[in-house]
file entry.txt (compact mmCIF, C-alpha atoms and all ligand atoms)
# COMPACT_ATOMS: atom_id res chain seq x y z
CA MET A 1 145.35 84.05 92.69
CA SER A 2 147.42 81.12 93.82
CA ARG A 3 147.40 80.30 97.52
CA ALA A 4 149.72 78.17 99.63
CA LEU A 5 149.38 76.54 103.02
CA LEU A 6 152.65 76.25 104.93
CA ILE A 7 152.60 73.58 107.66
CA VAL A 8 155.62 74.07 109.90
CA ASP A 9 157.27 71.21 111.83
CA VAL A 10 154.27 69.22 113.12
CA GLN A 11 156.63 66.47 114.29
CA ASN A 12 156.63 64.01 117.16
CA ASP A 13 159.50 65.74 118.96
CA PHE A 14 157.52 69.01 119.04
CA THR A 15 154.26 67.53 120.29
CA GLU A 16 153.36 66.06 123.68
CA GLY A 17 155.77 63.32 124.71
CA GLY A 18 158.50 64.53 122.31
CA ALA A 19 162.07 65.57 123.10
CA LEU A 20 161.11 69.24 122.82
CA GLU A 21 157.42 69.02 123.47
CA VAL A 22 155.32 72.10 122.94
CA VAL A 23 152.12 72.26 124.96
CA GLY A 24 149.21 72.18 122.54
CA GLY A 25 151.23 70.47 119.81
CA ASP A 26 148.91 67.45 119.58
CA ALA A 27 145.89 69.74 119.45
CA VAL A 28 147.48 71.67 116.58
CA ALA A 29 148.21 68.42 114.69
CA SER A 30 144.56 67.31 115.01
CA ALA A 31 143.16 70.72 114.20
CA VAL A 32 145.35 71.09 111.08
CA THR A 33 144.06 67.69 109.92
CA GLY A 34 140.49 68.92 110.41
CA TYR A 35 141.29 72.15 108.59
CA LEU A 36 142.80 70.23 105.66
CA ALA A 37 139.72 68.01 105.39
CA ALA A 38 137.62 71.12 104.77
CA HIS A 39 140.10 73.43 103.03
CA ALA A 40 142.81 71.47 101.17
CA THR A 41 141.22 72.33 97.82
CA ASP A 42 141.52 76.07 98.61
CA TYR A 43 145.30 75.79 98.11
CA GLU A 44 147.38 75.25 94.96
CA VAL A 45 150.33 74.12 97.05
CA ILE A 46 150.48 72.64 100.55
CA ILE A 47 154.02 72.55 101.88
CA ALA A 48 154.93 70.70 105.09
CA SER A 49 158.37 71.03 106.68
CA ARG A 50 160.31 68.84 109.03
CA ASP A 51 163.35 69.65 111.14
CA TRP A 52 165.83 66.97 110.05
CA HIS A 53 169.04 67.18 112.07
CA ASP A 54 172.17 65.07 111.87
CA ALA A 55 172.71 62.37 114.50
CA GLU A 56 176.43 63.23 114.58
CA GLY A 57 177.72 66.46 116.12
CA ASP A 58 175.77 69.39 117.54
CA ASN A 59 174.25 70.68 114.29
CA GLY A 60 176.17 73.95 114.40
CA GLY A 61 175.57 74.57 118.10
CA HIS A 62 171.82 73.87 117.82
CA PHE A 63 172.04 70.90 120.21
CA ALA A 64 173.47 71.37 123.72
CA GLU A 65 173.69 69.36 126.92
CA THR A 66 172.61 72.44 128.87
CA PRO A 67 170.37 74.21 126.36
CA ASP A 68 169.08 77.76 126.86
CA PHE A 69 165.84 76.95 124.98
CA ILE A 70 166.36 80.09 122.87
CA ASP A 71 169.39 79.37 120.69
CA SER A 72 170.29 75.88 121.87
CA TRP A 73 168.09 72.88 122.43
CA PRO A 74 168.05 69.29 123.63
CA VAL A 75 168.66 66.72 120.90
CA HIS A 76 165.52 66.65 118.71
CA CYS A 77 164.29 65.67 115.25
CA VAL A 78 167.25 63.49 114.32
CA ALA A 79 166.91 62.40 110.69
CA GLY A 80 165.19 59.06 110.26
CA THR A 81 164.13 58.70 113.92
CA PRO A 82 160.50 58.57 115.17
CA GLY A 83 160.95 62.02 116.75
CA ALA A 84 161.47 63.51 113.29
CA ASP A 85 158.35 61.89 111.80
CA TYR A 86 155.20 63.90 111.34
CA ASP A 87 152.94 63.52 114.36
CA PRO A 88 150.50 60.77 113.34
CA LEU A 89 147.60 63.10 114.25
CA LEU A 90 148.60 65.14 111.19
CA VAL A 91 147.17 63.50 108.06
CA THR A 92 149.52 64.46 105.24
CA ASP A 93 147.65 63.02 102.21
CA SER A 94 146.98 66.46 100.74
CA VAL A 95 150.54 67.75 101.22
CA THR A 96 152.03 68.53 97.81
CA HIS A 97 155.63 69.24 98.91
CA HIS A 98 157.64 67.80 101.81
CA VAL A 99 160.55 69.94 102.97
CA ARG A 100 163.46 68.88 105.17
CA LYS A 101 165.75 71.39 106.86
CA GLY A 102 168.50 71.65 109.44
CA GLN A 103 170.97 68.97 108.36
CA GLY A 104 174.10 69.87 110.33
CA LYS A 105 172.90 73.38 111.18
CA PRO A 106 170.07 75.31 112.79
CA ALA A 107 167.29 76.06 110.29
CA TYR A 108 164.23 77.69 111.79
CA SER A 109 162.65 78.73 108.49
CA MET A 110 161.25 76.22 106.03
CA PHE A 111 162.72 78.50 103.34
CA GLU A 112 166.15 77.15 104.37
CA GLY A 113 165.13 73.61 103.49
CA GLU A 114 164.59 71.62 100.30
CA THR A 115 161.81 69.52 98.85
CA GLU A 116 162.34 65.93 97.75
CA ALA A 117 163.00 67.37 94.27
CA GLN A 118 165.64 69.68 95.83
CA GLU A 119 163.69 72.86 95.29
CA THR A 120 163.54 75.62 97.89
CA VAL A 121 160.19 76.79 99.21
CA GLY A 122 160.82 80.12 97.47
CA GLU A 123 161.18 78.30 94.15
CA VAL A 124 158.00 76.28 94.71
CA LEU A 125 156.01 79.42 95.55
CA ALA A 126 157.39 81.33 92.56
CA ALA A 127 156.73 78.44 90.15
CA ALA A 128 153.12 78.16 91.36
CA GLY A 129 152.60 81.94 91.22
CA VAL A 130 151.67 82.03 94.90
CA LEU A 131 150.67 85.49 96.10
CA SER A 132 149.26 84.57 99.49
CA ALA A 133 150.13 81.98 102.10
CA ASP A 134 148.54 80.77 105.29
CA VAL A 135 150.95 79.55 107.98
CA VAL A 136 150.24 76.95 110.68
CA GLY A 137 152.30 74.66 112.90
CA ILE A 138 154.96 74.64 115.60
CA ALA A 139 156.56 76.61 117.17
CA THR A 140 155.01 80.08 116.97
CA ASP A 141 158.05 81.74 118.54
CA HIS A 142 160.66 79.94 116.42
CA CYS A 143 160.01 78.07 113.18
CA VAL A 144 156.53 79.52 112.47
CA ARG A 145 157.93 83.02 113.08
CA ALA A 146 160.98 82.49 110.86
CA SER A 147 159.02 80.79 108.06
CA ALA A 148 156.33 83.47 108.02
CA LEU A 149 158.92 86.29 107.98
CA ASP A 150 160.64 84.63 105.02
CA ALA A 151 157.31 84.24 103.20
CA ILE A 152 156.70 87.98 103.65
CA ALA A 153 160.24 88.67 102.41
CA HIS A 154 159.32 86.69 99.29
CA GLY A 155 156.55 89.16 98.60
CA VAL A 156 153.73 86.86 99.66
CA HIS A 157 150.76 88.10 101.70
CA VAL A 158 150.82 86.04 104.91
CA ARG A 159 148.05 85.08 107.28
CA ILE A 160 148.78 83.22 110.51
CA LEU A 161 145.92 80.90 111.45
CA THR A 162 146.14 81.61 115.16
CA ASP A 163 144.26 78.58 116.45
CA LEU A 164 146.52 76.30 114.38
CA VAL A 165 149.86 77.30 115.93
CA ALA A 166 151.51 76.46 119.27
CA GLY A 167 154.51 78.15 120.88
CA VAL A 168 157.33 77.16 123.23
CA ALA A 169 156.98 80.22 125.51
CA PRO A 170 153.76 82.24 125.85
CA GLU A 171 155.41 85.66 126.05
CA ALA A 172 157.81 85.01 123.16
CA SER A 173 154.89 83.70 121.11
CA GLU A 174 152.91 86.90 121.70
CA THR A 175 155.97 88.94 120.74
CA ALA A 176 156.43 86.85 117.59
CA LEU A 177 152.82 87.40 116.52
CA ALA A 178 153.15 91.15 117.14
CA GLU A 179 156.35 91.21 115.11
CA LEU A 180 154.64 89.34 112.27
CA VAL A 181 151.76 91.82 112.24
CA HIS A 182 154.29 94.66 112.13
CA ALA A 183 155.95 92.94 109.15
CA GLY A 184 152.60 92.79 107.35
CA ALA A 185 151.02 89.49 108.37
CA GLU A 186 147.36 89.16 109.21
CA LEU A 187 146.17 87.12 112.20
CA VAL A 188 143.00 85.14 111.54
CA GLN A 189 141.13 82.25 113.12
CA SER A 190 140.96 79.19 110.86
CA ALA A 191 137.13 79.36 110.98
CA ASP A 192 137.34 82.74 109.23
CA ALA A 193 140.02 81.71 106.73
C1 LIG A 201 161.94 74.61 116.58
C2 LIG A 201 163.18 74.94 118.46
C3 LIG A 201 164.24 74.26 117.92
C4 LIG A 201 160.65 74.82 115.86
C5 LIG A 201 162.99 73.93 116.02
O1 LIG A 201 160.27 73.96 115.03
O2 LIG A 201 160.02 75.85 116.09
N1 LIG A 201 162.05 75.14 117.79
N2 LIG A 201 164.13 73.77 116.71

call {"tool": "encode", "arguments": {"input": "entry.txt", "output": "structure tokens"}}
result
Amino acid sequence: MSRALLIVDVQNDFTEGGALEVVGGDAVASAVTGYLAAHATDYEVIIASRDWHDAEGDNGGHFAETPDFIDSWPVHCVAGTPGADYDPLLVTDSVTHHVRKGQGKPAYSMFEGETEAQETVGEVLAAAGVLSADVVGIATDHCVRASALDAIAHGVHVRILTDLVAGVAPEASETALAELVHAGAELVQSADA
């Protein structure tokens, strides 16, 4: 049975010191690197996504001068800038597919993006015969949530590795995890994965 690891948006703008820093982001980046060192060979595909917004315009209302931090946000992850790079604490050597999303529009799910070969994540998973996927990254209450829901919608059994995610807001992150369980996801610690 083919397995995938989905690494969501472990980027400088979402970790400490970034434009939209998420508390615990650096710790997630380091811990995912440690997890990969031990477990990369467990996965047929390892897909990492990056938010990759346009410098011009507001990316379909995603950027705002007075953001609500729910549907609108400060400028973040502008394509080609250091904020959009992977956090250097994340070692990406074992990543098989790099996905970019959000050019000119909001795109919370990595399934809305494309690989360098212009495939969707759904196409990559189908081609590799992936039946189960583990999801890690940032942010639990936004892009992790949306990516995991889309993976479930693709018919893949999803596990969230709960010590390898970080959220913007604690309550919304709890709600997101509960929603994911309701949708069929399993919550597991990476040590038990
Ligand atoms: C994200 C807020 C805005 C995320 C992206 O990666 O979860 N959150 N854009």

call {"tool": "residues_near_point", "arguments": {"input": "entry.txt", "point": "(135.9, 81.1, 105.4)", "cutoff": "12 Å", "atoms": "all atoms listed in the file", "output": "list in words"}}
result
Tyr35, Ala38, His39, Asp42, Leu161, Val188, Gln189, Ser190, Ala191, Asp192 and Ala193 of chain A

call {"tool": "residues_near_ligand", "arguments": {"input": "entry.txt", "ligand": "ligand LIG 201 (chain A)", "cutoff": "7 Å", "atoms": "all atoms listed in the file", "output": "VMD selection string"}}
result
chain A and resid 8 to 9 14 51 73 108 138 to 144

call {"tool": "residues_around", "arguments": {"input": "entry.txt", "residues": "segment 75-92 of chain A", "least_positions_apart": "3", "cutoff": "8 Å", "atoms": "all atoms listed in the file", "output": "ChimeraX atom specification"}}
result
/A:9-13,15,18-20,26,29-30,32-33,50-55,63-64,95

call {"tool": "residues_near_point", "arguments": {"input": "entry.txt", "point": "(156.1, 85.4, 102.6)", "cutoff": "6 Å", "atoms": "all atoms listed in the file", "output": "PyMOL selection string"}}
result
chain A and resi 148+150-156+158

call {"tool": "write_last_selection", "arguments": {"input": "entry.txt", "atoms": "C-alpha atoms", "output": "CSV table (one decimal), keeping the file's coordinate frame"}}
result
chain,number,residue,atom,x,y,z
A,148,ALA,CA,156.3,83.5,108.0
A,150,ASP,CA,160.6,84.6,105.0
A,151,ALA,CA,157.3,84.2,103.2
A,152,ILE,CA,156.7,88.0,103.6
A,153,ALA,CA,160.2,88.7,102.4
A,154,HIS,CA,159.3,86.7,99.3
A,155,GLY,CA,156.6,89.2,98.6
A,156,VAL,CA,153.7,86.9,99.7
A,158,VAL,CA,150.8,86.0,104.9

call {"tool": "atom_distance", "arguments": {"input": "entry.txt", "atom1": "atom CA of Ala128 of chain A", "atom2": "atom CA of Met1 of chain A"}}
result
9.8 Å

call {"tool": "axis_aligned_box", "arguments": {"input": "entry.txt", "around": "segment 59-69 of chain A", "padding_each_side": "4 Å", "output": "lines of an AutoDock Vina configuration file"}}
result
center_x = 171.0
center_y = 73.6
center_z = 121.6
size_x = 18.3
size_y = 16.4
size_z = 22.6

call {"tool": "closest_residue", "arguments": {"input": "entry.txt", "among": "A:Glu44, A:Arg159, A:Ser132, A:Gly137", "to": "His97 of chain A", "atoms": "all atoms listed in the file"}}
result
A:Glu44

call {"tool": "atom_distance", "arguments": {"input": "entry.txt", "atom1": "atom CA of Asp93 of chain A", "atom2": "atom CA of Glu116 of chain A"}}
result
15.6 Å

call {"tool": "atom_distance", "arguments": {"input": "entry.txt", "atom1": "atom CA of Ala133 of chain A", "atom2": "atom CA of Ala183 of chain A"}}
result
14.3 Å

call {"tool": "closest_residue", "arguments": {"input": "entry.txt", "among": "A:Ala185, A:Ala4, A:Ser94, A:Asn59", "to": "Leu125 of chain A", "atoms": "only C-alpha atoms"}}
result
A:Ala4

call {"tool": "closest_residue", "arguments": {"input": "entry.txt", "among": "A:Ala117, A:Leu36, A:Asp134, A:Asp71", "to": "Lys105 of chain A", "atoms": "all atoms listed in the file"}}
result
A:Asp71

call {"tool": "residues_around", "arguments": {"input": "entry.txt", "residues": "Gln118 of chain A", "least_positions_apart": "4", "cutoff": "12 Å", "atoms": "all atoms listed in the file", "output": "ChimeraX atom specification"}}
result
/A:97-101,111-114,122-124

call {"tool": "residues_around", "arguments": {"input": "entry.txt", "residues": "Val45 of chain A", "least_positions_apart": "2", "cutoff": "7 Å", "atoms": "all atoms listed in the file", "output": "ChimeraX atom specification"}}
result
/A:3-5,43,47,96

call {"tool": "closest_residue", "arguments": {"input": "entry.txt", "among": "A:Ile70, A:Val135, A:Leu149, A:Ala127", "to": "Leu187 of chain A", "atoms": "all atoms listed in the file"}}
result
A:Val135

call {"tool": "decode", "arguments": {"input": "entry.txt", "residues": "segment 140-172 of chain A", "atoms": "N, CA and C atoms", "output": "tab-separated table (two decimals), in the first residue's frame"}}
result
chain	number	residue	atom	x	y	z
A	140	THR	N	-2.40	24.42	11.44
A	140	THR	CA	-3.43	23.42	11.74
A	140	THR	C	-4.82	23.89	11.36
A	141	ASP	N	-5.14	25.15	11.72
A	141	ASP	CA	-6.49	25.67	11.54
A	141	ASP	C	-6.75	26.24	10.14
A	142	HIS	N	-5.76	26.22	9.26
A	142	HIS	CA	-5.99	26.75	7.91
A	142	HIS	C	-5.49	25.77	6.84
A	143	CYS	N	-4.20	25.83	6.52
A	143	CYS	CA	-3.75	25.05	5.37
A	143	CYS	C	-3.61	23.56	5.67
A	144	VAL	N	-3.28	23.18	6.90
A	144	VAL	CA	-3.27	21.76	7.26
A	144	VAL	C	-4.70	21.21	7.19
A	145	ARG	N	-5.63	21.96	7.79
A	145	ARG	CA	-7.04	21.56	7.77
A	145	ARG	C	-7.53	21.35	6.33
A	146	ALA	N	-7.33	22.37	5.49
A	146	ALA	CA	-7.85	22.32	4.12
A	146	ALA	C	-7.18	21.21	3.31
A	147	SER	N	-5.88	21.03	3.49
A	147	SER	CA	-5.17	19.99	2.73
A	147	SER	C	-5.62	18.60	3.17
A	148	ALA	N	-5.79	18.42	4.47
A	148	ALA	CA	-6.20	17.11	4.98
A	148	ALA	C	-7.63	16.78	4.54
A	149	LEU	N	-8.52	17.79	4.57
A	149	LEU	CA	-9.91	17.55	4.11
A	149	LEU	C	-9.91	17.16	2.63
A	150	ASP	N	-9.07	17.81	1.84
A	150	ASP	CA	-9.01	17.45	0.41
A	150	ASP	C	-8.43	16.06	0.21
A	151	ALA	N	-7.46	15.68	1.03
A	151	ALA	CA	-6.90	14.32	0.91
A	151	ALA	C	-7.99	13.29	1.20
A	152	ILE	N	-8.79	13.55	2.23
A	152	ILE	CA	-9.90	12.64	2.56
A	152	ILE	C	-10.89	12.59	1.38
A	153	ALA	N	-11.17	13.76	0.81
A	153	ALA	CA	-12.10	13.82	-0.34
A	153	ALA	C	-11.56	13.03	-1.53
A	154	HIS	N	-10.26	12.87	-1.60
A	154	HIS	CA	-9.64	12.07	-2.66
A	154	HIS	C	-9.64	10.57	-2.34
A	155	GLY	N	-10.26	10.22	-1.22
A	155	GLY	CA	-10.40	8.80	-0.91
A	155	GLY	C	-9.19	8.21	-0.20
A	156	VAL	N	-8.34	9.09	0.34
A	156	VAL	CA	-7.13	8.64	1.01
A	156	VAL	C	-7.38	8.60	2.52
A	157	HIS	N	-6.89	7.56	3.18
A	157	HIS	CA	-6.97	7.53	4.65
A	157	HIS	C	-5.93	8.49	5.21
A	158	VAL	N	-6.38	9.42	6.06
A	158	VAL	CA	-5.50	10.49	6.54
A	158	VAL	C	-5.22	10.34	8.03
A	159	ARG	N	-3.93	10.50	8.36
A	159	ARG	CA	-3.54	10.64	9.77
A	159	ARG	C	-2.87	12.01	9.92
A	160	ILE	N	-3.24	12.72	10.98
A	160	ILE	CA	-2.57	13.97	11.32
A	160	ILE	C	-1.55	13.62	12.41
A	161	LEU	N	-0.29	13.97	12.16
A	161	LEU	CA	0.74	13.72	13.17
A	161	LEU	C	0.74	14.95	14.10
A	162	THR	N	0.09	14.78	15.24
A	162	THR	CA	-0.33	15.93	16.04
A	162	THR	C	0.81	16.72	16.68
A	163	ASP	N	1.96	16.09	16.84
A	163	ASP	CA	3.10	16.84	17.39
A	163	ASP	C	3.91	17.50	16.27
A	164	LEU	N	3.47	17.33	15.03
A	164	LEU	CA	4.19	17.92	13.89
A	164	LEU	C	3.32	18.95	13.16
A	165	VAL	N	2.37	19.54	13.89
A	165	VAL	CA	1.56	20.63	13.33
A	165	VAL	C	1.56	21.79	14.33
A	166	ALA	N	1.34	23.00	13.82
A	166	ALA	CA	1.19	24.18	14.68
A	166	ALA	C	0.08	25.04	14.09
A	167	GLY	N	-0.72	25.66	14.99
A	167	GLY	CA	-1.88	26.43	14.54
A	167	GLY	C	-1.77	27.91	14.87
A	168	VAL	N	-2.54	28.71	14.14
A	168	VAL	CA	-2.59	30.16	14.39
A	168	VAL	C	-3.29	30.41	15.74
A	169	ALA	N	-4.50	29.87	15.90
A	169	ALA	CA	-5.30	30.11	17.11
A	169	ALA	C	-5.59	28.77	17.78
A	170	PRO	N	-5.35	28.69	19.11
A	170	PRO	CA	-5.53	27.40	19.80
A	170	PRO	C	-6.94	26.83	19.67
A	171	GLU	N	-7.96	27.68	19.86
A	171	GLU	CA	-9.33	27.14	19.82
A	171	GLU	C	-9.70	26.68	18.41
A	172	ALA	N	-9.36	27.48	17.41
A	172	ALA	CA	-9.66	27.10	16.02
A	172	ALA	C	-8.89	25.85	15.61
